[in-house]
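Data block for protein_17.tsv (TSV, N, CA and C atoms):
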chain	number	residue	atom	x	y	z
A	381	MET	N	124.87	74.79	103.78
A	381	MET	CA	125.89	74.83	102.76
A	381	MET	C	127.20	74.33	103.36
A	382	GLU	N	127.80	73.38	102.69
A	382	GLU	CA	129.11	72.88	103.07
A	382	GLU	C	130.16	73.76	102.40
A	383	ALA	N	131.13	74.23	103.16
A	383	ALA	CA	132.18	75.09	102.62
A	383	ALA	C	133.42	74.27	102.31
A	384	CYS	N	134.24	74.79	101.43
A	384	CYS	CA	135.48	74.12	101.04
A	384	CYS	C	136.44	74.12	102.23
A	385	THR	N	136.92	72.94	102.61
A	385	THR	CA	137.88	72.82	103.70
A	385	THR	C	139.24	72.35	103.19
A	386	TYR	N	139.39	72.27	101.89
A	386	TYR	CA	140.64	71.78	101.30
A	386	TYR	C	141.71	72.86	101.32
A	387	GLU	N	141.32	74.11	101.04
A	387	GLU	CA	142.24	75.25	101.11
A	387	GLU	C	141.63	76.30	102.03
A	388	LEU	N	142.45	76.93	102.84
A	388	LEU	CA	141.95	77.92	103.79
A	388	LEU	C	141.38	79.15	103.10
A	389	ASP	N	141.92	79.51	101.93
A	389	ASP	CA	141.42	80.69	101.21
A	389	ASP	C	140.01	80.47	100.66
A	390	HIS	N	139.57	79.25	100.55
A	390	HIS	CA	138.28	78.93	99.94
A	390	HIS	C	137.20	78.63	100.97
A	391	SER	N	137.35	79.11	102.18
A	391	SER	CA	136.40	78.75	103.25
A	391	SER	C	135.02	79.34	103.03
A	392	ALA	N	134.88	80.33	102.15
A	392	ALA	CA	133.57	80.92	101.88
A	392	ALA	C	132.93	80.37	100.61
A	393	ILE	N	133.60	79.45	99.93
A	393	ILE	CA	133.10	78.90	98.67
A	393	ILE	C	132.37	77.59	98.95
A	394	GLU	N	131.25	77.40	98.28
A	394	GLU	CA	130.45	76.19	98.47
A	394	GLU	C	131.17	74.96	97.91
A	395	ALA	N	131.13	73.89	98.68
A	395	ALA	CA	131.78	72.64	98.28
A	395	ALA	C	130.89	71.88	97.30
A	396	THR	N	131.51	71.29	96.28
A	396	THR	CA	130.78	70.47	95.31
A	396	THR	C	131.14	68.99	95.43
A	397	HIS	N	132.30	68.68	96.04
A	397	HIS	CA	132.77	67.30	96.18
A	397	HIS	C	133.33	67.11	97.59
A	398	TYR	N	133.51	65.86	97.98
A	398	TYR	CA	134.17	65.56	99.24
A	398	TYR	C	134.84	64.20	99.14
A	399	TYR	N	135.76	63.94	100.07
A	399	TYR	CA	136.32	62.60	100.24
A	399	TYR	C	136.51	62.36	101.72
A	400	ARG	N	136.60	61.11	102.10
A	400	ARG	CA	136.78	60.75	103.50
A	400	ARG	C	138.24	60.39	103.74
A	401	THR	N	138.77	60.88	104.85
A	401	THR	CA	140.15	60.57	105.22
A	401	THR	C	140.20	59.21	105.90
A	402	TRP	N	141.41	58.77	106.19
A	402	TRP	CA	141.60	57.47	106.83
A	402	TRP	C	140.90	57.41	108.18
A	403	GLU	N	140.86	58.55	108.88
A	403	GLU	CA	140.20	58.60	110.18
A	403	GLU	C	138.69	58.68	110.07
A	404	GLY	N	138.16	58.88	108.87
A	404	GLY	CA	136.72	58.98	108.67
A	404	GLY	C	136.21	60.40	108.58
A	405	ASP	N	137.10	61.38	108.67
A	405	ASP	CA	136.68	62.77	108.55
A	405	ASP	C	136.35	63.09	107.10
A	406	ARG	N	135.47	64.04	106.91
A	406	ARG	CA	135.08	64.46	105.57
A	406	ARG	C	135.84	65.74	105.21
A	407	VAL	N	136.50	65.72	104.06
A	407	VAL	CA	137.20	66.90	103.53
A	407	VAL	C	136.40	67.40	102.33
A	408	ASN	N	135.92	68.64	102.42
A	408	ASN	CA	135.10	69.22	101.37
A	408	ASN	C	135.97	69.99	100.39
A	409	LEU	N	135.63	69.88	99.11
A	409	LEU	CA	136.36	70.57	98.05
A	409	LEU	C	135.39	71.38	97.20
A	410	CYS	N	135.79	72.61	96.87
A	410	CYS	CA	135.00	73.39	95.92
A	410	CYS	C	135.29	72.87	94.51
A	411	PHE	N	134.63	73.41	93.51
A	411	PHE	CA	134.81	72.91	92.15
A	411	PHE	C	136.24	73.10	91.67
A	412	GLY	N	136.85	74.23	91.99
A	412	GLY	CA	138.23	74.48	91.58
A	412	GLY	C	139.21	73.51	92.22
A	413	CYS	N	139.05	73.25	93.50
A	413	CYS	CA	139.93	72.30	94.19
A	413	CYS	C	139.69	70.88	93.69
A	414	ALA	N	138.45	70.54	93.42
A	414	ALA	CA	138.13	69.19	92.94
A	414	ALA	C	138.71	68.95	91.56
A	415	SER	N	138.76	69.98	90.72
A	415	SER	CA	139.31	69.79	89.38
A	415	SER	C	140.84	69.67	89.41
A	416	ARG	N	141.48	70.14	90.46
A	416	ARG	CA	142.94	70.02	90.59
A	416	ARG	C	143.36	68.83	91.45
A	417	TYR	N	142.40	68.14	92.05
A	417	TYR	CA	142.70	67.06	92.97
A	417	TYR	C	143.34	65.90	92.21
A	418	GLY	N	144.38	65.31	92.76
A	418	GLY	CA	145.16	64.30	92.06
A	418	GLY	C	144.54	62.93	91.98
A	419	TYR	N	143.54	62.63	92.81
A	419	TYR	CA	142.92	61.31	92.83
A	419	TYR	C	141.40	61.45	92.67
A	420	PRO	N	140.92	61.75	91.46
A	420	PRO	CA	139.48	62.01	91.29
A	420	PRO	C	138.61	60.80	91.57
A	421	GLU	N	139.16	59.59	91.53
A	421	GLU	CA	138.34	58.41	91.79
A	421	GLU	C	137.89	58.33	93.25
A	422	TYR	N	138.53	59.10	94.13
A	422	TYR	CA	138.14	59.11	95.54
A	422	TYR	C	137.11	60.18	95.87
A	423	LEU	N	136.79	61.06	94.93
A	423	LEU	CA	135.86	62.15	95.19
A	423	LEU	C	134.42	61.70	95.03
A	424	VAL	N	133.58	62.21	95.90
A	424	VAL	CA	132.13	61.97	95.83
A	424	VAL	C	131.48	63.32	95.62
A	425	GLU	N	130.61	63.39	94.61
A	425	GLU	CA	129.95	64.66	94.32
A	425	GLU	C	128.72	64.84	95.20
A	426	TYR	N	128.58	66.05	95.76
A	426	TYR	CA	127.37	66.36	96.53
A	426	TYR	C	126.18	66.37	95.57
A	427	PRO	N	125.04	65.86	96.00
A	427	PRO	CA	123.88	65.89	95.10
A	427	PRO	C	123.41	67.31	94.87
A	428	LYS	N	123.01	67.55	93.64
A	428	LYS	CA	122.49	68.88	93.30
A	428	LYS	C	121.05	68.98	93.78
A	429	PRO	N	120.60	70.18	94.09
A	429	PRO	CA	119.23	70.32	94.56
A	429	PRO	C	118.24	69.98	93.45
A	430	TRP	N	117.18	69.29	93.83
A	430	TRP	CA	116.16	68.89	92.87
A	430	TRP	C	115.27	70.07	92.56
A	431	LYS	N	114.98	70.26	91.31
A	431	LYS	CA	114.00	71.25	90.92
A	431	LYS	C	113.11	70.63	89.85
A	432	PRO	N	111.85	70.96	89.86
A	432	PRO	CA	110.95	70.34	88.89
A	432	PRO	C	111.26	70.81	87.48
A	433	GLU	N	111.11	69.91	86.53
A	433	GLU	CA	111.27	70.22	85.12
A	433	GLU	C	110.04	69.72	84.39
A	434	PHE	N	109.83	70.25	83.21
A	434	PHE	CA	108.68	69.84	82.42
A	434	PHE	C	109.11	68.79	81.41
A	435	GLY	N	108.30	67.78	81.28
A	435	GLY	CA	108.52	66.74	80.30
A	435	GLY	C	107.22	66.49	79.56
A	436	TYR	N	107.31	65.78	78.47
A	436	TYR	CA	106.15	65.50	77.64
A	436	TYR	C	105.95	63.99	77.50
A	437	LEU	N	104.75	63.56	77.75
A	437	LEU	CA	104.36	62.17	77.54
A	437	LEU	C	103.83	62.08	76.12
A	438	VAL	N	104.43	61.23	75.30
A	438	VAL	CA	104.00	61.04	73.92
A	438	VAL	C	103.45	59.63	73.78
A	439	ASN	N	102.28	59.53	73.19
A	439	ASN	CA	101.64	58.24	72.97
A	439	ASN	C	101.04	58.25	71.58
A	440	ALA	N	101.40	57.28	70.76
A	440	ALA	CA	100.82	57.13	69.42
A	440	ALA	C	100.08	55.81	69.40
A	441	HIS	N	98.82	55.84	69.00
A	441	HIS	CA	98.04	54.61	68.99
A	441	HIS	C	97.04	54.62	67.84
A	442	THR	N	96.59	53.45	67.51
A	442	THR	CA	95.53	53.32	66.52
A	442	THR	C	94.21	53.49	67.22
A	443	GLY	N	93.13	53.44	66.50
A	443	GLY	CA	91.82	53.67	67.10
A	443	GLY	C	91.34	52.56	68.00
A	444	ASN	N	92.03	51.42	68.05
A	444	ASN	CA	91.55	50.31	68.87
A	444	ASN	C	92.09	50.33	70.30
A	445	GLY	N	92.83	51.35	70.68
A	445	GLY	CA	93.32	51.45	72.04
A	445	GLY	C	94.69	50.84	72.26
A	446	GLN	N	95.24	50.17	71.26
A	446	GLN	CA	96.57	49.59	71.38
A	446	GLN	C	97.61	50.65	71.02
A	447	SER	N	98.57	50.87	71.91
A	447	SER	CA	99.61	51.85	71.60
A	447	SER	C	100.83	51.14	71.03
A	448	ASP	N	101.63	51.90	70.34
A	448	ASP	CA	102.85	51.38	69.74
A	448	ASP	C	103.97	51.56	70.76
A	449	PRO	N	104.55	50.49	71.31
A	449	PRO	CA	105.58	50.64	72.34
A	449	PRO	C	106.84	51.33	71.84
A	450	VAL	N	107.08	51.32	70.54
A	450	VAL	CA	108.25	52.01	70.00
A	450	VAL	C	108.06	53.52	70.05
A	451	SER	N	106.84	53.98	69.86
A	451	SER	CA	106.60	55.41	69.80
A	451	SER	C	106.29	56.03	71.16
A	452	ASP	N	105.93	55.23	72.15
A	452	ASP	CA	105.64	55.78	73.48
A	452	ASP	C	106.91	56.34	74.09
A	453	LEU	N	106.80	57.48	74.71
A	453	LEU	CA	107.97	58.14	75.23
A	453	LEU	C	107.61	58.87	76.52
A	454	TRP	N	108.48	58.72	77.51
A	454	TRP	CA	108.22	59.40	78.78
A	454	TRP	C	109.52	59.64	79.49
A	455	PRO	N	109.79	60.78	80.02
A	455	PRO	CA	109.40	62.09	79.52
A	455	PRO	C	110.41	62.56	78.48
A	456	PHE	N	110.12	63.62	77.81
A	456	PHE	CA	111.00	64.14	76.77
A	456	PHE	C	110.92	65.65	76.80
A	457	GLU	N	111.99	66.32	76.43
A	457	GLU	CA	112.01	67.78	76.41
A	457	GLU	C	111.23	68.29	75.20
A	458	GLY	N	110.90	69.58	75.22
A	458	GLY	CA	110.05	70.16	74.18
A	458	GLY	C	110.56	70.02	72.77
A	459	GLU	N	111.78	70.44	72.50
A	459	GLU	CA	112.32	70.38	71.15
A	459	GLU	C	112.48	68.94	70.69
A	460	GLY	N	112.91	68.07	71.58
A	460	GLY	CA	113.03	66.66	71.25
A	460	GLY	C	111.68	66.02	70.97
A	461	THR	N	110.65	66.49	71.64
A	461	THR	CA	109.31	65.97	71.41
A	461	THR	C	108.83	66.31	70.01
A	462	VAL	N	109.09	67.54	69.56
A	462	VAL	CA	108.71	67.95	68.21
A	462	VAL	C	109.43	67.08	67.18
A	463	GLN	N	110.72	66.86	67.38
A	463	GLN	CA	111.48	66.04	66.45
A	463	GLN	C	110.96	64.60	66.45
A	464	TRP	N	110.65	64.06	67.62
A	464	TRP	CA	110.16	62.68	67.70
A	464	TRP	C	108.80	62.55	66.99
A	465	LEU	N	107.92	63.52	67.19
A	465	LEU	CA	106.63	63.47	66.51
A	465	LEU	C	106.79	63.58	65.00
A	466	ASN	N	107.75	64.38	64.54
A	466	ASN	CA	108.02	64.47	63.10
A	466	ASN	C	108.50	63.13	62.56
A	467	ILE	N	109.34	62.44	63.32
A	467	ILE	CA	109.83	61.13	62.89
A	467	ILE	C	108.67	60.14	62.81
A	468	LEU	N	107.73	60.22	63.73
A	468	LEU	CA	106.58	59.32	63.73
A	468	LEU	C	105.58	59.64	62.63
A	469	GLY	N	105.69	60.82	62.03
A	469	GLY	CA	104.80	61.19	60.92
A	469	GLY	C	103.69	62.14	61.29
A	470	CYS	N	103.75	62.75	62.45
A	470	CYS	CA	102.73	63.71	62.86
A	470	CYS	C	102.97	65.04	62.14
A	471	ARG	N	101.94	65.54	61.45
A	471	ARG	CA	102.09	66.80	60.70
A	471	ARG	C	101.93	68.04	61.59
A	472	ASP	N	101.22	67.90	62.70
A	472	ASP	CA	100.94	69.05	63.58
A	472	ASP	C	101.80	69.02	64.83
A	473	SER	N	103.04	68.58	64.73
A	473	SER	CA	103.86	68.37	65.92
A	473	SER	C	104.11	69.65	66.69
A	474	GLU	N	104.45	70.74	66.01
A	474	GLU	CA	104.73	72.00	66.72
A	474	GLU	C	103.49	72.54	67.42
A	475	ASN	N	102.36	72.49	66.73
A	475	ASN	CA	101.11	72.97	67.35
A	475	ASN	C	100.69	72.08	68.51
A	476	LEU	N	100.91	70.79	68.38
A	476	LEU	CA	100.53	69.85	69.43
A	476	LEU	C	101.35	70.09	70.70
A	477	VAL	N	102.65	70.29	70.55
A	477	VAL	CA	103.51	70.56	71.71
A	477	VAL	C	103.21	71.94	72.29
A	478	ALA	N	102.91	72.91	71.45
A	478	ALA	CA	102.56	74.24	71.93
A	478	ALA	C	101.26	74.20	72.74
A	479	ASP	N	100.28	73.45	72.26
A	479	ASP	CA	99.03	73.31	73.02
A	479	ASP	C	99.27	72.63	74.36
A	480	ALA	N	100.12	71.60	74.36
A	480	ALA	CA	100.42	70.90	75.61
A	480	ALA	C	101.17	71.81	76.59
A	481	ALA	N	102.03	72.69	76.06
A	481	ALA	CA	102.75	73.62	76.93
A	481	ALA	C	101.79	74.67	77.50
A	482	TRP	N	100.80	75.07	76.72
A	482	TRP	CA	99.84	76.08	77.16
A	482	TRP	C	98.91	75.52	78.23
A	483	GLU	N	98.51	74.26	78.08
A	483	GLU	CA	97.58	73.65	79.03
A	483	GLU	C	98.15	72.32	79.51
A	484	PRO	N	99.01	72.36	80.54
A	484	PRO	CA	99.63	71.12	81.02
A	484	PRO	C	98.62	70.19	81.71
A	485	TYR	N	99.01	68.94	81.83
A	485	TYR	CA	98.23	67.89	82.49
A	485	TYR	C	96.92	67.57	81.78
A	486	ARG	N	96.81	67.96	80.54
A	486	ARG	CA	95.64	67.60	79.73
A	486	ARG	C	96.18	67.03	78.43
A	487	ALA	N	95.63	65.92	78.01
A	487	ALA	CA	96.08	65.28	76.77
A	487	ALA	C	95.60	66.09	75.56
A	488	HIS	N	96.50	66.28	74.59
A	488	HIS	CA	96.19	66.98	73.35
A	488	HIS	C	96.41	65.99	72.21
A	489	TYR	N	95.46	65.97	71.26
A	489	TYR	CA	95.44	64.93	70.25
A	489	TYR	C	95.60	65.51	68.85
A	490	SER	N	96.16	64.68	67.98
A	490	SER	CA	96.23	64.96	66.55
A	490	SER	C	96.16	63.62	65.84
A	491	GLU	N	95.49	63.59	64.69
A	491	GLU	CA	95.36	62.34	63.95
A	491	GLU	C	95.94	62.52	62.55
A	492	THR	N	96.80	61.59	62.16
A	492	THR	CA	97.42	61.60	60.85
A	492	THR	C	97.56	60.17	60.37
A	493	SER	N	97.06	59.90	59.20
A	493	SER	CA	97.18	58.61	58.51
A	493	SER	C	96.89	57.41	59.42
A	494	GLY	N	95.78	57.48	60.14
A	494	GLY	CA	95.35	56.33	60.93
A	494	GLY	C	95.94	56.24	62.32
A	495	LEU	N	96.89	57.07	62.67
A	495	LEU	CA	97.46	57.07	64.01
A	495	LEU	C	96.99	58.30	64.77
A	496	VAL	N	96.70	58.12	66.04
A	496	VAL	CA	96.33	59.22	66.92
A	496	VAL	C	97.53	59.51	67.80
A	497	TYR	N	97.98	60.75	67.78
A	497	TYR	CA	99.13	61.19	68.58
A	497	TYR	C	98.60	61.95	69.78
A	498	GLU	N	99.07	61.59	70.94
A	498	GLU	CA	98.63	62.20	72.19
A	498	GLU	C	99.85	62.76	72.90
A	499	VAL	N	99.81	64.03	73.27
A	499	VAL	CA	100.92	64.69	73.96
A	499	VAL	C	100.38	65.35	75.22
A	500	THR	N	101.06	65.11	76.35
A	500	THR	CA	100.67	65.70	77.63
A	500	THR	C	101.92	66.27	78.29
A	501	ARG	N	101.84	67.50	78.74
A	501	ARG	CA	102.95	68.11	79.46
A	501	ARG	C	102.77	67.86	80.95
A	502	VAL	N	103.84	67.36	81.60
A	502	VAL	CA	103.79	67.03	83.02
A	502	VAL	C	105.04	67.55	83.70
A	503	THR	N	104.99	67.64	85.01
A	503	THR	CA	106.17	67.96	85.80
A	503	THR	C	106.85	66.65	86.15
A	504	SER	N	108.17	66.61	86.00
A	504	SER	CA	108.88	65.36	86.21
A	504	SER	C	110.17	65.62	86.97
A	505	LEU	N	110.84	64.55	87.30
A	505	LEU	CA	112.18	64.65	87.88
A	505	LEU	C	113.13	65.22	86.81
A	506	PRO	N	114.29	65.68	87.20
A	506	PRO	CA	115.20	66.24	86.18
A	506	PRO	C	115.48	65.23	85.08
A	507	LEU	N	115.42	65.72	83.84
A	507	LEU	CA	115.66	64.89	82.68
A	507	LEU	C	117.15	64.77	82.43
A	508	VAL	N	117.57	63.56	82.19
A	508	VAL	CA	119.00	63.34	81.98
A	508	VAL	C	119.27	63.09	80.53
As structure tokens - that is how I would like this structure written.
Amino acid sequence: MEACTYELDHSAIEATHYYRTWEGDRVNLCFGCASRYGYPEYLVEYPKPWKPEFGYLVNAHTGNGQSDPVSDLWPFEGEGTVQWLNILGCRDSENLVADAAWEPYRAHYSETSGLVYEVTRVTSLPLV
């Protein structure tokens, strides 16, 4: 853990940003110091720790194996996946996403008006 070196009172607080001085030294700033810093364009944010998140792979295709590139989505959050499936015309969107959440890494299917909707829950990098 990098501690704040911008103010002496903040030496026990974790640094979220830093900047380099003319000599090349690194000055660490906590979130409070970084928000009061007068030259924010010089601040570099420390990367946040990576943690796995769940995303949903959505694929809509006809029976011939051709998928629709407009409807393919990777990855998407749960509530957004339900909304996207509703936009595409899937009637069982909530049940499909619930099944995928219950059994990840397995494709779950639903068919409506000639389109087959496939939803798979996977672990992904943080969703932005």
| field | Neighbour list for range 402-410 of chain A as an MDAnalysis selection string, cut-off 6.5 Å, only N, CA and C atoms, skip fewer than 3 positions in-chain | value | chainID A and resid 383:386 393:399 413:415
| Per-residue DSSP, range 391-449 of chain A, filtered to strand (DSSP E or B), as a PyMOL selection string | chain A and resi 394+397-400+406-409+424-425+433-441+447
| as a PyMOL selection string, which residues of range 417-478 of chain A does DSSP assign to helix (DSSP H, G or I)? | chain A and resi 420-422+458-468+473-478
| query | Of the candidates A:Ser493, A:Thr401, A:Glu459, A:Asn475, which one gets nearest to Phe434 in chain A if we count only C-alpha atoms? | reply | A:Glu459
| task | Compile the contact shell of Ala440 in chain A as a list in words: residues with an atom at most 5 Å away, counting only N, CA and C atoms, same-chain residues fewer than 6 positions apart removed. | result | Ser447, Asp448, Val496, Tyr497 and Glu498 of chain A
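CA of Pro432 in chain A sits 6.2 Å away from CA of Thr503 in chain A.
For the pair atom C of Thr500 in chain A and CA of Asn466 in chain A, the separation is 16.5 Å.
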| said: Taking (107.9, 65.7, 66.2) in the coordinates of the supplied file, I want to know which residues reach to within 12 Å of it, counting only C-alpha atoms; could you give the answer as a PyMOL selection string? | reply: chain A and resi 436+438-440+451+453+456-478+490+497-499
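Note that CA of Lys431 in chain A and atom N of Arg400 in chain A are 27.2 Å apart.
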| message | Could you check which residues have any atom within 12 Å of (125.3, 65.9, 90.3), counting only C-alpha atoms with coordinates taken straight from the file, and then list them as a list in words? | response | Thr396, His397, Phe411, Val424, Glu425, Tyr426, Pro427, Lys428, Pro429, Trp430, Pro506 and Val508 of chain A
Please output range 386-399 of chain A, rebuilt to include N, CA, C and O atoms, as a short mmCIF file (atom, residue, chain, number, x, y, z; two decimals), in the coordinates of the input.
data_model
loop_
_atom_site.label_atom_id
_atom_site.label_comp_id
_atom_site.auth_asym_id
_atom_site.auth_seq_id
_atom_site.Cartn_x
_atom_site.Cartn_y
_atom_site.Cartn_z
N TYR A 386 139.39 72.27 101.89
CA TYR A 386 140.64 71.78 101.30
C TYR A 386 141.71 72.86 101.32
O TYR A 386 142.86 72.59 101.60
N GLU A 387 141.32 74.11 101.04
CA GLU A 387 142.24 75.25 101.11
C GLU A 387 141.63 76.30 102.03
O GLU A 387 140.43 76.55 101.98
N LEU A 388 142.45 76.93 102.84
CA LEU A 388 141.95 77.92 103.79
C LEU A 388 141.38 79.15 103.10
O LEU A 388 140.43 79.76 103.60
N ASP A 389 141.92 79.51 101.93
CA ASP A 389 141.42 80.69 101.21
C ASP A 389 140.01 80.47 100.66
O ASP A 389 139.33 81.43 100.33
N HIS A 390 139.57 79.25 100.55
CA HIS A 390 138.28 78.93 99.94
C HIS A 390 137.20 78.63 100.97
O HIS A 390 136.20 77.99 100.66
N SER A 391 137.35 79.11 102.18
CA SER A 391 136.40 78.75 103.25
C SER A 391 135.02 79.34 103.03
O SER A 391 134.06 78.88 103.64
N ALA A 392 134.88 80.33 102.15
CA ALA A 392 133.57 80.92 101.88
C ALA A 392 132.93 80.37 100.61
O ALA A 392 131.83 80.77 100.25
N ILE A 393 133.60 79.45 99.93
CA ILE A 393 133.10 78.90 98.67
C ILE A 393 132.37 77.59 98.95
O ILE A 393 132.83 76.76 99.74
N GLU A 394 131.25 77.40 98.28
CA GLU A 394 130.45 76.19 98.47
C GLU A 394 131.17 74.96 97.91
O GLU A 394 131.74 74.99 96.83
N ALA A 395 131.13 73.89 98.68
CA ALA A 395 131.78 72.64 98.28
C ALA A 395 130.89 71.88 97.30
O ALA A 395 129.67 71.82 97.46
N THR A 396 131.51 71.29 96.28
CA THR A 396 130.78 70.47 95.31
C THR A 396 131.14 68.99 95.43
O THR A 396 130.40 68.15 94.96
N HIS A 397 132.30 68.68 96.04
CA HIS A 397 132.77 67.30 96.18
C HIS A 397 133.33 67.11 97.59
O HIS A 397 133.64 68.08 98.28
N TYR A 398 133.51 65.86 97.98
CA TYR A 398 134.17 65.56 99.24
C TYR A 398 134.84 64.20 99.14
O TYR A 398 134.56 63.41 98.24
N TYR A 399 135.76 63.94 100.07
CA TYR A 399 136.32 62.60 100.24
C TYR A 399 136.51 62.36 101.72
O TYR A 399 136.54 63.29 102.52
#
